[in-house]
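Novice: What follows is a structure written as structure tokens; I'll ask about it next.
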Amino acid sequence: MWYKIDFKKLAVLLLPTFLRKNLITGYIQALVTPISMLYQLWYIKREDNLYKLDHNGQVCYLRKVLNDLFDAELRRIFIDDGNRFKRTYLYTMAENQPHYLGSLYLQPSTSFADTGTDFKVMIPSELNTQTNHYQLIALVDFYKLASKRYTIETI
């Protein structure tokens with residue numbers, strides 16, 4: 001491809017044949033070393049950008065990216081749907097509404113349909129360190145759609 005260049009080899013090939021001695025070849029390769037190092041940095045950045053472009057906010061791609069970075073061997077991170085519980089209201093006697101509650105369960109405020117989360121990122125407890133937590137949040141924020149809300153929970 002056009003972007004795969006060996007600068008040290010190219011510098012030697014551009015030398016005239018009568019100047020291709022060990023001393024001059026070593027000197028030319030030493031001069032080309034900074035350009036070669038810059039090329040390596042560019043190549044790594046290019047591969048990283050192509051990886052980011054290959055993945056998006058779909059569940060399968062987001063799960064793959066998270067598992068590639070945090071749990072490459074066991075691949076235990078997965079994405080689950082968010083809770084969408086209906087709210088239960090208590091009525092006064094003047095409203096003439098049924099007030100039988102049945103069995104109720106307490107839920108956090110983020111679990112309801114109007115204020116809830118759209119998906120949950122489920123990670124194993126071994127991976128939930130403080131440094132990984134911030135990197136995980138940044139990665140999910142990078143790939144998710146802007147309108148989606150999420151929570152990170154440990155298994």
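Note on naming: chains are A, B, ... as they come in the structure tokens, residues start from 1 per chain, ligands start from 1 in the order shown.
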Within 9 Å of region 21-31 of chain A, counting only C-alpha atoms, which residues show up once you throw out same-chain ones fewer than 5 positions away? Write them as an NGL selection string, please.

Specialist: :A and (7-9 or 11-12 or 15)

Novice: Based on DSSP run over this structure's backbone, return all residues of chain A in helix (DSSP H, G or I), as a PyMOL selection string.

Specialist: chain A and resi 7-14+17-19+22-54+59-70+93-95+109-111+125-127+130-143

Novice: What's around Leu127 (chain A) at 9 Å? Count only C-alpha atoms, leave out sequence neighbours fewer than 2 positions away in its own chain, and write the answer as a PyMOL selection string.

Specialist: chain A and resi 70-71+123-125+129+132-133+154

Novice: I'd like to know which of A:Gly57, A:Leu69, A:Lys4, A:Gln135 is closest to Ser147 (chain A), using only C-alpha atoms.

Specialist: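 Under the stated criterion, the closest residue is A:Gly57.
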
Novice: DSSP on the backbone: what in region 1-149 of chain A comes out strand (DSSP E or B), as an mmCIF file with N, CA and C atoms, in the first residue's frame?

Specialist:
data_model
loop_
_atom_site.group_PDB
_atom_site.id
_atom_site.type_symbol
_atom_site.label_atom_id
_atom_site.label_comp_id
_atom_site.auth_asym_id
_atom_site.auth_seq_id
_atom_site.Cartn_x
_atom_site.Cartn_y
_atom_site.Cartn_z
ATOM 1 N N PHE A 78 -21.138 -7.138 28.729
ATOM 2 C CA PHE A 78 -22.258 -7.149 27.803
ATOM 3 C C PHE A 78 -23.161 -5.953 28.056
ATOM 4 N N ILE A 79 -24.034 -5.691 27.096
ATOM 5 C CA ILE A 79 -24.960 -4.560 27.135
ATOM 6 C C ILE A 79 -26.359 -5.112 27.352
ATOM 7 N N ASP A 80 -27.085 -4.549 28.302
ATOM 8 C CA ASP A 80 -28.435 -4.996 28.616
ATOM 9 C C ASP A 80 -29.393 -3.821 28.442
ATOM 10 N N ASP A 81 -30.663 -4.127 28.231
ATOM 11 C CA ASP A 81 -31.674 -3.071 28.120
ATOM 12 C C ASP A 81 -31.864 -2.397 29.467
ATOM 13 N N PHE A 85 -39.755 0.699 34.257
ATOM 14 C CA PHE A 85 -40.879 0.448 35.136
ATOM 15 C C PHE A 85 -41.904 1.562 35.036
ATOM 16 N N PHE A 112 -37.217 4.296 35.928
ATOM 17 C CA PHE A 112 -38.569 4.497 35.412
ATOM 18 C C PHE A 112 -38.544 4.939 33.959
ATOM 19 N N PHE A 119 -29.879 1.890 28.265
ATOM 20 C CA PHE A 119 -29.157 0.627 28.317
ATOM 21 C C PHE A 119 -28.232 0.608 29.525
ATOM 22 N N LYS A 120 -27.843 -0.611 29.902
ATOM 23 C CA LYS A 120 -26.926 -0.802 31.018
ATOM 24 C C LYS A 120 -25.689 -1.522 30.503
ATOM 25 N N VAL A 121 -24.528 -1.070 30.930
ATOM 26 C CA VAL A 121 -23.273 -1.742 30.619
ATOM 27 C C VAL A 121 -22.938 -2.605 31.824
ATOM 28 N N MET A 122 -22.945 -3.911 31.619
ATOM 29 C CA MET A 122 -22.703 -4.855 32.705
ATOM 30 C C MET A 122 -21.250 -5.324 32.636
ATOM 31 N N ILE A 123 -20.487 -5.019 33.699
ATOM 32 C CA ILE A 123 -19.080 -5.411 33.729
ATOM 33 C C ILE A 123 -18.830 -6.282 34.955
#

Novice: Can you tell me how far CA of His55 (chain A) sits from CA of Ile77 (chain A), in Å to one decimal?

Specialist: 16.4 Å

Novice: Which is closest to Tyr43 (chain A) among A:Asn67, A:Asp6, A:Glu73, A:Thr17, if we use only C-alpha atoms?

Specialist: A:Asp6

Novice: Identify which of the residues A:Leu19, A:Leu62, A:Ile44, A:Ile5 lies closest to Phe142 (chain A), counting only C-alpha atoms when measuring atom-to-atom distances.

Specialist: A:Leu62

Novice: Please, what distance in Å, to one decimal, runs between CA of Asp141 (chain A) and CA of Leu66 (chain A)?

Specialist: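 Value for the CA of Asp141 (chain A)-CA of Leu66 (chain A) distance: 11.8 Å.
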